[in-house]
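Reproduced below: coords.txt, with compact mmCIF, C-alpha atoms.
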```txt
# COMPACT_ATOMS: atom_id res chain seq x y z
CA MET A 1 104.00 81.87 141.24
CA LYS A 2 106.09 78.71 141.88
CA ASP A 3 103.69 76.60 139.82
CA GLN A 4 103.82 79.11 136.98
CA ILE A 5 107.63 79.16 136.99
CA LEU A 6 107.79 75.37 136.88
CA SER A 7 105.27 75.12 134.04
CA ASN A 8 107.05 77.81 131.97
CA ILE A 9 110.70 76.95 132.67
CA GLY A 10 111.21 76.12 129.00
CA GLU A 11 109.47 79.26 127.75
CA PRO A 12 111.82 82.29 128.01
CA ALA A 13 109.19 84.82 126.91
CA ASN A 14 106.64 83.61 129.46
CA LEU A 15 109.24 83.67 132.24
CA GLU A 16 110.11 87.26 131.36
CA LYS A 17 106.41 88.21 131.53
CA LEU A 18 106.10 86.53 134.92
CA TYR A 19 109.14 88.37 136.22
CA ARG A 20 107.91 91.75 135.03
CA SER A 21 104.43 91.19 136.46
CA ASN A 22 105.79 90.79 140.01
CA PRO A 23 109.61 90.88 140.36
CA ALA A 24 109.60 90.40 144.14
CA SER A 25 107.32 87.37 144.11
CA PHE A 26 109.22 85.90 141.14
CA LYS A 27 112.59 86.23 142.92
CA ASP A 28 111.32 84.75 146.17
CA SER A 29 109.59 81.83 144.43
CA PHE A 30 112.54 81.13 142.13
CA PHE A 31 115.06 80.94 144.99
CA GLN A 32 112.74 78.51 146.80
CA LEU A 33 112.71 76.30 143.67
CA ARG A 34 116.48 76.25 143.10
CA GLU A 35 116.90 72.60 144.16
CA GLU A 36 114.15 71.46 141.80
CA LEU A 37 115.66 73.35 138.84
CA THR A 38 119.33 72.39 139.13
CA ASP A 39 119.40 70.56 135.76
CA SER A 40 117.81 73.36 133.72
CA PRO A 41 120.08 75.70 131.69
CA MET A 42 117.28 78.31 131.73
CA ALA A 43 117.21 78.12 135.54
CA ALA A 44 120.98 78.67 135.64
CA PHE A 45 120.56 81.79 133.52
CA TRP A 46 117.80 83.18 135.75
CA GLN A 47 119.74 82.38 138.90
CA ALA A 48 122.71 84.40 137.63
CA ARG A 49 120.41 87.25 136.58
CA LEU A 50 118.50 87.39 139.86
CA GLN A 51 121.64 87.16 141.97
CA THR A 52 123.12 90.06 140.01
CA ASP A 53 119.90 92.05 140.46
CA SER A 54 119.94 91.39 144.21
CA GLU A 55 123.33 93.06 144.67
CA SER A 56 121.65 96.50 144.58
CA ILE A 57 118.74 97.54 146.78
CA SER A 58 115.48 98.36 145.01
CA TRP A 59 113.32 101.10 146.53
CA GLY A 60 110.18 100.18 144.63
CA THR A 61 108.34 101.90 141.82
CA SER A 62 107.61 105.63 141.76
CA SER A 63 103.92 104.97 142.52
CA GLU A 64 104.89 102.89 145.56
CA ARG A 65 107.19 105.64 146.80
CA TRP A 66 104.37 108.17 146.41
CA PHE A 67 102.09 105.80 148.36
CA LEU A 68 104.74 105.67 151.09
CA LEU A 69 104.98 109.47 151.21
CA VAL A 70 101.22 110.05 151.34
CA GLY A 71 100.80 107.24 153.87
CA ALA A 72 103.56 108.69 156.07
CA ILE A 73 101.85 112.11 156.05
CA ILE A 74 98.45 110.63 157.00
CA LEU A 75 100.02 108.52 159.76
CA GLY A 76 101.96 111.53 161.03
CA VAL A 77 98.72 113.51 161.30
CA GLY A 78 97.17 110.60 163.19
CA MET A 79 100.05 110.60 165.66
CA LYS A 80 99.68 114.36 166.31
CA LEU A 81 95.91 114.39 166.94
CA PRO A 82 96.21 113.98 170.75
CA SER A 83 98.44 117.06 171.10
CA TRP A 84 96.35 119.16 168.70
CA PHE A 85 92.99 118.37 170.34
CA SER A 86 94.06 117.74 173.97
CA ILE A 87 93.13 114.05 173.83
CA GLN A 88 94.39 111.67 176.52
CA GLU A 89 97.43 110.13 174.83
CA ASP A 90 97.49 106.83 176.76
CA ILE A 91 93.86 106.05 175.92
CA TYR A 92 94.12 107.36 172.34
CA PHE A 93 97.18 105.29 171.43
CA GLY A 94 95.91 102.29 173.40
CA ARG A 95 92.73 102.22 171.34
CA ASN A 96 94.06 103.43 167.97
CA GLY A 97 97.66 102.21 167.91
CA ALA A 98 96.74 99.16 165.83
CA PHE A 99 95.09 101.30 163.15
CA LEU A 100 98.11 103.59 162.99
CA ALA A 101 100.53 100.65 162.81
CA MET A 102 98.66 98.49 160.29
CA GLY A 103 96.01 100.60 158.56
CA ALA A 104 98.38 101.90 155.88
CA LEU A 105 99.74 98.37 155.33
CA ILE A 106 96.22 97.05 154.76
CA ALA A 107 95.61 99.78 152.18
CA PHE A 108 99.00 99.08 150.55
CA PHE A 109 98.39 95.36 150.05
CA ALA A 110 94.79 95.98 148.95
CA TRP A 111 96.17 98.32 146.27
CA LYS A 112 99.05 96.05 145.24
CA ASN A 113 96.90 92.90 145.08
CA GLN A 114 94.03 94.66 143.28
CA LEU A 115 91.43 93.31 145.66
CA LYS A 116 87.99 92.55 144.32
CA GLN A 117 85.44 95.20 145.15
CA GLY A 118 83.53 92.92 147.51
CA THR A 119 86.66 91.94 149.46
CA ALA A 120 87.77 95.57 149.71
CA ILE A 121 84.33 96.59 151.02
CA TRP A 122 84.40 93.85 153.67
CA ILE A 123 87.88 94.78 154.91
CA SER A 124 87.24 98.53 154.93
CA GLY A 125 83.82 97.99 156.53
CA ILE A 126 85.23 95.93 159.39
CA MET A 127 88.05 98.45 159.85
CA GLY A 128 85.63 101.38 159.93
CA LEU A 129 83.31 99.58 162.35
CA ALA A 130 86.24 98.76 164.65
CA VAL A 131 87.44 102.39 164.66
CA LEU A 132 83.99 103.73 165.53
CA TYR A 133 83.32 100.96 168.04
CA ILE A 134 86.49 101.29 170.11
CA ASN A 135 86.38 105.10 170.17
CA ALA A 136 82.66 105.35 170.96
CA TRP A 137 83.22 104.06 174.49
CA SER A 138 83.61 106.45 177.40
CA TRP A 139 87.11 107.90 177.76
CA ASP A 140 86.60 108.59 181.48
CA THR A 141 86.52 104.98 182.69
CA GLU A 142 88.43 101.84 181.69
CA THR A 143 86.32 98.73 182.34
CA ASP A 144 87.54 95.14 181.96
CA THR A 145 85.66 94.74 178.68
CA ILE A 146 87.18 97.95 177.27
CA LEU A 147 90.69 96.84 178.24
CA LEU A 148 90.13 93.39 176.75
CA ALA A 149 88.83 94.90 173.51
CA SER A 150 91.81 97.28 173.32
CA LEU A 151 94.25 94.41 173.89
CA HIS A 152 92.63 92.09 171.35
CA LEU A 153 91.85 94.67 168.67
CA PRO A 154 95.46 94.71 167.29
CA LEU A 155 95.17 90.97 166.68
CA LEU A 156 91.91 91.48 164.80
CA ILE A 157 93.53 94.18 162.66
CA TRP A 158 96.49 91.84 162.12
CA GLY A 159 93.99 89.32 160.73
CA LEU A 160 92.58 91.94 158.36
CA LEU A 161 96.14 92.70 157.26
CA GLY A 162 96.61 89.01 156.49
CA TRP A 163 93.38 89.01 154.50
CA SER A 164 94.61 92.01 152.50
CA PHE A 165 98.03 90.35 151.98
CA THR A 166 96.56 87.11 150.65
CA GLY A 167 94.56 89.16 148.17
CA ASN A 168 91.65 87.42 146.51
CA GLU A 169 92.75 83.97 147.74
CA PRO A 170 92.36 84.09 151.55
CA TRP A 171 92.07 80.30 151.73
CA ASN A 172 95.38 79.73 149.91
CA LEU A 173 97.54 78.12 152.63
CA ASN A 174 100.80 78.92 150.85
CA LYS A 175 99.90 82.62 150.85
CA ARG A 176 99.07 82.43 154.55
CA LEU A 177 102.49 80.89 155.16
CA ASP A 178 104.07 83.70 153.16
CA TYR A 179 102.26 86.13 155.45
CA VAL A 180 103.69 84.44 158.55
CA ARG A 181 107.19 84.61 157.04
CA LEU A 182 106.67 88.25 156.10
CA ASN A 183 105.89 89.04 159.74
CA GLY A 184 109.15 87.42 160.84
CA ASP A 185 111.16 89.29 158.22
CA MET A 186 109.42 92.56 159.11
CA VAL A 187 110.25 92.17 162.80
CA ILE A 188 113.93 91.87 161.89
CA LEU A 189 113.99 94.74 159.39
CA CYS A 190 111.85 97.04 161.56
CA THR A 191 114.22 96.39 164.48
CA VAL A 192 117.19 97.36 162.31
CA LEU A 193 115.41 100.51 161.10
CA LEU A 194 114.44 101.44 164.67
CA LEU A 195 118.04 100.99 165.85
CA ALA A 196 119.27 103.15 162.98
CA GLY A 197 116.63 105.76 163.76
CA GLY A 198 117.50 105.70 167.45
CA LEU A 199 121.18 106.16 166.66
CA THR A 200 120.41 109.07 164.32
CA THR A 201 118.18 110.67 166.96
CA GLY A 202 120.84 110.36 169.62
CA ILE A 203 123.55 111.85 167.38
CA THR A 204 121.29 114.73 166.27
CA ILE A 205 120.21 115.70 169.79
CA GLY A 206 123.79 115.34 171.04
CA LEU A 207 125.21 117.59 168.32
CA PHE A 208 122.72 120.37 169.07
CA GLU A 209 123.39 120.00 172.81
CA LEU A 210 127.06 120.74 172.10
CA ILE A 211 126.15 124.19 170.77
CA GLY A 212 123.73 124.90 173.62
CA LEU A 213 120.44 124.10 171.89
CA SER A 214 118.11 121.63 173.63
CA ILE A 215 115.94 120.17 170.86
CA GLY A 216 115.19 116.79 172.47
CA ASN A 217 111.49 117.36 173.19
CA PHE A 218 110.83 119.13 169.86
CA PHE A 219 112.68 116.45 167.87
CA PHE A 220 110.81 113.61 169.57
CA GLN A 221 107.35 115.22 169.30
CA ASN A 222 107.65 116.42 165.70
CA ILE A 223 110.09 114.04 164.01
CA VAL A 224 110.34 110.73 165.89
CA LEU A 225 106.66 110.46 166.84
CA VAL A 226 105.49 111.42 163.33
CA ALA A 227 107.88 109.05 161.53
CA LEU A 228 107.46 106.06 163.85
CA PRO A 229 104.26 104.49 162.36
CA SER A 230 105.74 104.69 158.84
CA ILE A 231 108.52 102.21 159.65
CA PRO A 232 106.41 99.06 158.99
CA LEU A 233 105.28 100.54 155.65
CA LEU A 234 108.87 101.33 154.67
CA ALA A 235 109.99 97.83 155.73
CA THR A 236 107.23 96.24 153.65
CA LEU A 237 108.22 98.25 150.58
CA ILE A 238 111.89 97.25 150.98
CA LEU A 239 111.10 93.56 151.56
CA GLY A 240 108.67 93.45 148.64
CA HIS A 241 111.42 94.36 146.18
CA ASN A 242 114.36 92.79 148.01
CA PRO A 243 113.05 89.42 149.26
CA SER A 244 116.54 88.04 149.83
CA LEU A 245 117.54 90.95 152.08
CA VAL A 246 116.74 89.25 155.38
CA ASN A 247 115.54 85.79 154.36
CA LYS A 248 118.90 84.35 155.39
CA VAL A 249 118.69 86.04 158.78
CA SER A 250 115.26 84.68 159.71
CA PRO A 251 116.25 80.98 159.67
CA ILE A 252 119.36 81.81 161.72
CA VAL A 253 117.25 83.62 164.32
CA ALA A 254 114.84 80.68 164.47
CA LYS A 255 117.63 78.12 164.82
CA ILE A 256 119.42 80.09 167.54
CA PHE A 257 116.49 81.12 169.69
CA SER A 258 114.40 77.92 169.50
CA PRO A 259 116.90 75.79 171.51
CA LEU A 260 117.67 78.72 173.84
CA VAL A 261 114.00 79.25 174.68
CA LEU A 262 113.54 75.49 175.06
CA ALA A 263 116.36 75.33 177.64
CA ILE A 264 114.99 78.38 179.49
CA LEU A 265 111.48 76.90 179.62
CA VAL A 266 112.70 73.56 180.99
CA ILE A 267 114.70 75.36 183.70
CA TYR A 268 111.71 77.62 184.38
CA LEU A 269 109.32 74.68 184.86
CA ILE A 270 111.75 73.03 187.27
CA SER A 271 112.19 76.31 189.17
CA MET A 272 108.41 76.66 189.58
CA VAL A 273 108.44 73.65 191.90
CA PHE A 274 110.64 75.54 194.36
CA SER A 275 109.08 78.98 193.88
CA THR A 276 106.94 80.65 196.54
CA LYS A 277 104.65 82.05 193.86
CA SER A 278 102.03 79.90 192.19
CA ILE A 279 99.78 80.39 189.20
CA TYR A 280 97.03 78.81 191.31
CA THR A 281 97.08 81.54 193.99
CA ASP A 282 98.73 84.59 192.41
CA ARG A 283 96.60 86.39 189.79
CA GLU A 284 99.46 88.56 188.46
CA PHE A 285 101.70 85.51 188.15
CA LEU A 286 99.00 83.72 186.14
CA LEU A 287 98.71 86.75 183.84
CA LEU A 288 102.48 86.83 183.24
CA PHE A 289 102.41 83.06 182.74
CA ASN A 290 99.87 83.47 179.93
CA ILE A 291 101.90 86.29 178.35
CA LEU A 292 104.92 83.93 178.42
CA LEU A 293 102.78 81.27 176.75
CA ILE A 294 101.72 83.65 173.96
CA GLY A 295 105.34 84.71 173.39
CA VAL A 296 106.55 81.12 173.11
CA MET A 297 103.63 80.28 170.81
CA ALA A 298 104.65 83.19 168.56
CA LEU A 299 108.23 81.84 168.42
CA ILE A 300 106.93 78.39 167.44
CA VAL A 301 104.79 79.95 164.70
CA PHE A 302 107.78 81.90 163.39
CA SER A 303 110.14 78.90 163.59
CA ILE A 304 107.73 76.57 161.81
CA GLY A 305 107.10 79.19 159.14
CA GLU A 306 110.84 79.29 158.42
CA SER A 307 111.32 75.52 158.72
CA SER A 308 108.60 74.81 156.18
CA LYS A 309 110.40 77.08 153.71
CA ASN A 310 113.86 75.67 154.25
CA SER A 311 114.84 72.02 154.37
CA SER A 312 115.11 71.40 158.09
CA GLY A 313 117.40 68.80 159.55
CA LYS A 314 116.46 66.29 162.23
CA LEU A 315 117.97 68.41 164.99
CA GLN A 316 115.89 71.49 164.13
CA LEU A 317 112.71 69.43 163.87
CA PHE A 318 113.47 67.70 167.17
CA THR A 319 114.01 71.11 168.81
CA LEU A 320 110.63 72.28 167.55
CA VAL A 321 108.97 69.06 168.74
CA ALA A 322 110.50 69.51 172.19
CA LEU A 323 109.59 73.21 172.31
CA ALA A 324 106.00 72.49 171.30
CA SER A 325 105.78 69.68 173.87
CA VAL A 326 107.08 71.86 176.72
CA THR A 327 104.70 74.62 175.66
CA LEU A 328 101.87 72.09 175.86
CA ILE A 329 102.79 71.47 179.49
CA ILE A 330 102.82 75.21 180.19
CA ASN A 331 99.48 75.59 178.43
CA GLY A 332 98.03 72.72 180.45
CA LEU A 333 99.14 74.30 183.74
CA ALA A 334 97.68 77.69 182.75
CA LEU A 335 94.42 76.07 181.64
CA HIS A 336 94.13 74.13 184.88
CA ALA A 337 94.83 77.25 186.95
CA ILE A 338 92.26 79.43 185.20
CA SER A 339 89.68 76.64 185.38
CA LEU A 340 90.13 76.42 189.16
CA ARG A 341 89.81 80.20 189.50
CA ILE A 342 86.54 80.09 187.53
CA LEU A 343 85.18 77.29 189.74
CA GLU A 344 86.16 79.19 192.89
CA PHE A 345 85.36 82.80 191.99
CA GLY A 346 82.96 82.56 189.04
CA TRP A 347 82.95 83.93 185.52
CA THR A 348 84.40 87.31 184.57
CA PRO A 349 85.32 88.79 181.15
CA ASN A 350 89.04 88.36 181.89
CA ARG A 351 88.68 84.70 182.86
CA ILE A 352 86.54 83.90 179.83
CA ALA A 353 89.09 85.56 177.52
CA VAL A 354 92.02 83.68 179.10
CA LEU A 355 90.14 80.36 179.16
CA GLY A 356 89.12 80.63 175.51
CA SER A 357 92.59 81.60 174.30
CA ASN A 358 94.19 78.77 176.29
CA LEU A 359 91.78 76.20 174.86
CA LEU A 360 92.47 77.45 171.33
CA MET A 361 96.24 77.33 171.84
CA LEU A 362 96.03 73.87 173.41
CA THR A 363 94.12 72.47 170.43
CA HIS A 364 96.45 74.21 167.99
CA LEU A 365 99.56 72.98 169.78
CA LEU A 366 98.27 69.40 169.82
CA LEU A 367 97.75 69.50 166.04
CA VAL A 368 101.12 71.15 165.41
CA THR A 369 103.01 68.80 167.74
CA ARG A 370 101.41 65.76 166.10
CA ASN A 371 102.51 66.93 162.64
CA LEU A 372 105.96 67.87 163.91
CA TRP A 373 106.43 64.29 165.12
CA ILE A 374 105.34 63.00 161.71
CA ALA A 375 107.77 65.39 160.01
CA PHE A 376 110.57 64.32 162.38
CA TRP A 377 110.29 60.71 161.19
CA ASP A 378 109.61 61.70 157.59
CA THR A 379 111.16 65.07 156.67
CA THR A 380 109.24 65.18 153.38
CA GLN A 381 106.16 65.92 155.49
CA ALA A 382 107.68 69.15 156.90
CA PRO A 383 105.57 71.46 154.67
CA ASN A 384 102.42 69.90 156.16
CA VAL A 385 103.36 71.41 159.53
CA GLY A 386 103.22 74.89 158.09
CA TRP A 387 99.86 74.22 156.45
CA VAL A 388 98.40 72.90 159.70
CA LEU A 389 99.79 75.97 161.43
CA VAL A 390 98.09 78.52 159.16
CA LYS A 391 94.89 76.53 158.58
CA TYR A 392 93.98 77.11 162.23
CA LEU A 393 94.49 80.91 162.25
CA PRO A 394 90.85 81.85 161.35
CA TYR A 395 89.65 80.21 164.59
CA TYR A 396 91.77 82.66 166.58
CA LEU A 397 90.24 85.55 164.65
CA ILE A 398 86.71 84.32 165.38
CA TRP A 399 87.51 84.16 169.09
CA ILE A 400 89.20 87.57 169.04
CA ALA A 401 86.14 89.08 167.34
CA PHE A 402 83.98 87.56 170.10
CA VAL A 403 86.19 89.09 172.81
CA VAL A 404 86.14 92.51 171.13
CA PHE A 405 82.46 92.67 170.18
CA GLY A 406 80.70 89.89 172.12
CA LEU A 407 81.94 90.12 175.71
CA PRO A 408 80.94 93.80 176.09
CA LEU A 409 77.40 92.88 175.04
CA ILE A 410 77.27 90.05 177.57
CA PHE A 411 78.85 91.83 180.54
CA GLY A 412 77.95 95.42 179.69
CA PHE A 413 80.06 98.19 178.32
```
Show me the file's structure as structure tokens.
Amino acid sequence: MKDQILSNIGEPANLEKLYRSNPASFKDSFFQLREELTDSPMAAFWQARLQTDSESISWGTSSERWFLLVGAIILGVGMKLPSWFSIQEDIYFGRNGAFLAMGALIAFFAWKNQLKQGTAIWISGIMGLAVLYINAWSWDTETDTILLASLHLPLLIWGLLGWSFTGNEPWNLNKRLDYVRLNGDMVILCTVLLLAGGLTTGITIGLFELIGLSIGNFFFQNIVLVALPSIPLLATLILGHNPSLVNKVSPIVAKIFSPLVLAILVIYLISMVFSTKSIYTDREFLLLFNILLIGVMALIVFSIGESSKNSSGKLQLFTLVALASVTLIINGLALHAISLRILEFGWTPNRIAVLGSNLLMLTHLLLVTRNLWIAFWDTTQAPNVGWVLVKYLPYYLIWIAFVVFGLPLIFGF
């Protein structure tokens, strides 16, 4: 879209066609190009028009609202299946939560992006296979391979969602970066919607309690539970037509939390020296250590996604360099600890999964850190960091698919 805007900046009719073809993408791309278009009278006109348009919230087209309604009904039915058919809720939601959270989003982007028939068949085929595969296992026992598959399956579905989002150009790195940014924006908007929903729930239950009616259990089971999986779909619809709604919040979040997490990690590493617990002897501590590593890696991904969109100063780039470097140390410690456990106790599905993910993150962090250093000395290279970041994502999906489908075959179901 950005290339099309630049090539048609002197053609009013073509710009109008571009805008009408995809208003959300046009707005987002235009605001990213503002600095390059400062000398164009046509750009000044469009900036005034788009800023005026952004003062009111758009709720999408009528067809999109119908999609939201139908999707919400289907998701609500999916949430009620355990109570209707006496299914174990913890196992049901553990295995199917990812489909409920992201299945409708995959269908939405496939519809919006008009996916080619072949691409749509591949995505729906993998989704269908995953649903049958994870639910075909015994519901009476939870083996290590089942737990690993259940934990990694949401990440595999997240990858399918990214494929659906990028449309017919899955190898387009700019679209992959847009997907990373969308995830950051969705986290913020979904959190706001959840807080608003929680406040409404509390007020509603409280009001009925005042007149002697206890509706808490009914309201949660039939309203909250049914509406919950529709929040990501609603957030996507809002963001698609109001791209500037939270795009100023995301960079602020990244700039605030990156140095805070950096300081916490440095203090944490120093504290480990004096701690009685060790990742080399305590299995639970090693598990939490790896969860911490994944969380910090996610923050780096989010921060770099925002930094590649906005012109980052030296301080922000230095913070990201330092954060990536400290995370490398944490990754190295975790990798060393799990390697020692494998040498001492042998191979298990859990250790293979942790070892593989740590090796992937180590390689990825090395590449990202290298490019962050380059961008620190030459800020014009900042976009390259984002491209390196998203170029590596398919390798994670390959490993995740191996954990979900391969490990059970090797170690038994």
Would you mind listing what lies within 12 Å of Ala227 in chain A as a PyMOL selection string, with only C-alpha atoms counted and same-chain residues fewer than 6 positions away left out? chain A and resi 68-69+71-80+100-101+193-194+197-198+201+219-221+233-234
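In this comparison, which uses all atoms listed in the file, the residue of A:Phe165, A:Phe376, A:Trp387, A:Phe289 approaching Leu317 in chain A most closely is A:Phe376.
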With a cut-off of 10 Å, could you pull out the residues of range 85-105 of chain A touching range 131-139 of chain A and give me the nearest pair of atoms for each, distance in Å to one decimal, using all atoms listed in the file, ordered by chain and ascending number, as a Markdown table?
```
| residue | atom | partner | partner_atom | distance |
| --- | --- | --- | --- | --- |
| A:Ile87 | CA | A:Trp139 | CA | 9.5 |
| A:Gln88 | CA | A:Trp139 | CA | 8.3 |
| A:Ile91 | CA | A:Trp139 | CA | 7.2 |
| A:Tyr92 | CA | A:Asn135 | CA | 8.4 |
| A:Arg95 | CA | A:Ile134 | CA | 6.4 |
| A:Asn96 | CA | A:Val131 | CA | 7.5 |
| A:Ala98 | CA | A:Val131 | CA | 9.9 |
| A:Phe99 | CA | A:Val131 | CA | 7.9 |
```
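Across A:Leu372, A:Leu262, A:Leu155, A:Ile238, the tightest approach to Trp399 in chain A is made by A:Leu155 when counting all atoms listed in the file.
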CA of Leu156 in chain A to CA of Pro82 in chain A, distance in Å rounded to a single decimal: 23.7 Å
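The nearest approach to Ser325 in chain A among the residues A:Thr369, A:Thr204, A:Gln4, A:Thr191, with all atoms listed in the file taken into account, belongs to A:Thr369.
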Any chance you could work out the axis-aligned box around range 217-233 of chain A, listed atoms only, 3 Å on each side, giving centre and edge lengths in Å to one decimal, as lines of an AutoDock Vina configuration file?
```
center_x = 108.5
center_y = 109.1
center_z = 164.4
size_x = 14.4
size_y = 26.1
size_z = 23.5
```
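CA of Val246 in chain A sits 22.1 Å away from CA of Met297 in chain A.
Nearest residue to Gly97 in chain A among A:Pro154, A:Gly386, A:Pro259, A:Gly406 is A:Pro154, counting all atoms listed in the file.
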Could you tell me how far CA of Ile398 in chain A sits from CA of Ile157 in chain A, in Å to one decimal place? 12.3 Å
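At a cut-off of 10 Å from (86.1, 94.5, 179.4), the residue set is Glu142, Thr143, Asp144, Thr145, Ile146, Leu147, Leu148, Ala149, Ser150, Leu151, Thr348, Pro349, Asn350, Ala353, Val403, Val404, Leu407, Pro408, Leu409, Phe411, Gly412 and Phe413 of chain A (counting only C-alpha atoms).
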Using all atoms listed in the file, which residues sit within 9 Å of Phe318 in chain A once same-chain residues fewer than 4 positions away are excluded, as a ChimeraX atom specification? /A:313-314,322-323,372-373,376
Could you write those residues out with C-alpha atoms, as a tab-separated table (two decimals), in the coordinates of the input?
```
chain	number	residue	atom	x	y	z
A	313	GLY	CA	117.40	68.80	159.55
A	314	LYS	CA	116.46	66.29	162.23
A	322	ALA	CA	110.50	69.51	172.19
A	323	LEU	CA	109.59	73.21	172.31
A	372	LEU	CA	105.96	67.87	163.91
A	373	TRP	CA	106.43	64.29	165.12
A	376	PHE	CA	110.57	64.32	162.38
```
Identify, on the basis of all atoms listed in the file, every residue whose closest approach to Glu169 in chain A does not exceed 12 Å; exclude the query and any residue fewer than 6 positions from it along the same chain; express the result as a list in words. Asn113, Gln114, Leu115, Lys116, Thr119, Gly162, Trp163, Lys175 and Arg176 of chain A
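Nearest to Leu195 in chain A of all the residues A:Ala337, A:Met102, A:Leu207, A:Leu228 is A:Leu228, counting only C-alpha atoms.
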Can you pull out the residues contacting Ser339 in chain A? Cut-off 9 Å, using only C-alpha atoms, and skip same-chain residues under 5 positions away; I want them as a ChimeraX atom specification. /A:334,344,351,355
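Of the residues listed (A:Leu333, A:Leu160, A:Leu260, A:Leu18), A:Leu18 shows the shortest atom-to-atom separation from Ile5 in chain A; distances use only C-alpha atoms.
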Working from the structure I just supplied, which lacks atoms in range 368-373 of chain A, can you model all heavy atoms there and output them as a tab-separated table (two decimals), in the coordinates of the input?
```tsv
chain	number	residue	atom	x	y	z
A	368	VAL	N	99.79	70.84	165.90
A	368	VAL	CA	101.12	71.15	165.41
A	368	VAL	C	102.14	70.13	165.89
A	368	VAL	O	103.00	69.67	165.12
A	368	VAL	CB	101.53	72.58	165.85
A	368	VAL	CG1	103.01	72.82	165.61
A	368	VAL	CG2	100.71	73.62	165.09
A	369	THR	N	102.06	69.76	167.18
A	369	THR	CA	103.01	68.80	167.74
A	369	THR	C	102.88	67.44	167.05
A	369	THR	O	103.89	66.79	166.73
A	369	THR	CB	102.77	68.63	169.26
A	369	THR	OG1	102.82	69.91	169.89
A	369	THR	CG2	103.83	67.73	169.87
A	370	ARG	N	101.64	67.03	166.80
A	370	ARG	CA	101.41	65.76	166.10
A	370	ARG	C	102.10	65.77	164.73
A	370	ARG	O	102.80	64.83	164.35
A	370	ARG	CB	99.92	65.52	165.94
A	370	ARG	CG	99.56	64.32	165.07
A	370	ARG	CD	98.05	64.19	164.92
A	370	ARG	NE	97.71	63.14	163.96
A	370	ARG	CZ	97.63	63.33	162.64
A	370	ARG	NH1	97.87	64.54	162.13
A	370	ARG	NH2	97.30	62.33	161.84
A	371	ASN	N	101.91	66.86	163.97
A	371	ASN	CA	102.51	66.93	162.64
A	371	ASN	C	104.01	67.12	162.68
A	371	ASN	O	104.72	66.71	161.77
A	371	ASN	CB	101.84	68.06	161.85
A	371	ASN	CG	100.49	67.66	161.30
A	371	ASN	OD1	100.38	67.14	160.19
A	371	ASN	ND2	99.44	67.90	162.07
A	372	LEU	N	104.52	67.76	163.76
A	372	LEU	CA	105.96	67.87	163.91
A	372	LEU	C	106.59	66.49	164.13
A	372	LEU	O	107.67	66.20	163.60
A	372	LEU	CB	106.30	68.79	165.09
A	372	LEU	CG	106.29	70.30	164.79
A	372	LEU	CD1	106.40	71.09	166.09
A	372	LEU	CD2	107.42	70.67	163.84
A	373	TRP	N	105.92	65.65	164.92
A	373	TRP	CA	106.43	64.29	165.12
A	373	TRP	C	106.45	63.52	163.80
A	373	TRP	O	107.40	62.78	163.50
A	373	TRP	CB	105.56	63.55	166.14
A	373	TRP	CG	105.99	63.73	167.56
A	373	TRP	CD1	105.35	64.38	168.55
A	373	TRP	CD2	107.22	63.25	168.12
A	373	TRP	NE1	106.08	64.35	169.71
A	373	TRP	CE2	107.24	63.66	169.48
A	373	TRP	CE3	108.31	62.52	167.63
A	373	TRP	CZ2	108.29	63.36	170.34
A	373	TRP	CZ3	109.35	62.21	168.48
A	373	TRP	CH2	109.34	62.63	169.82
```
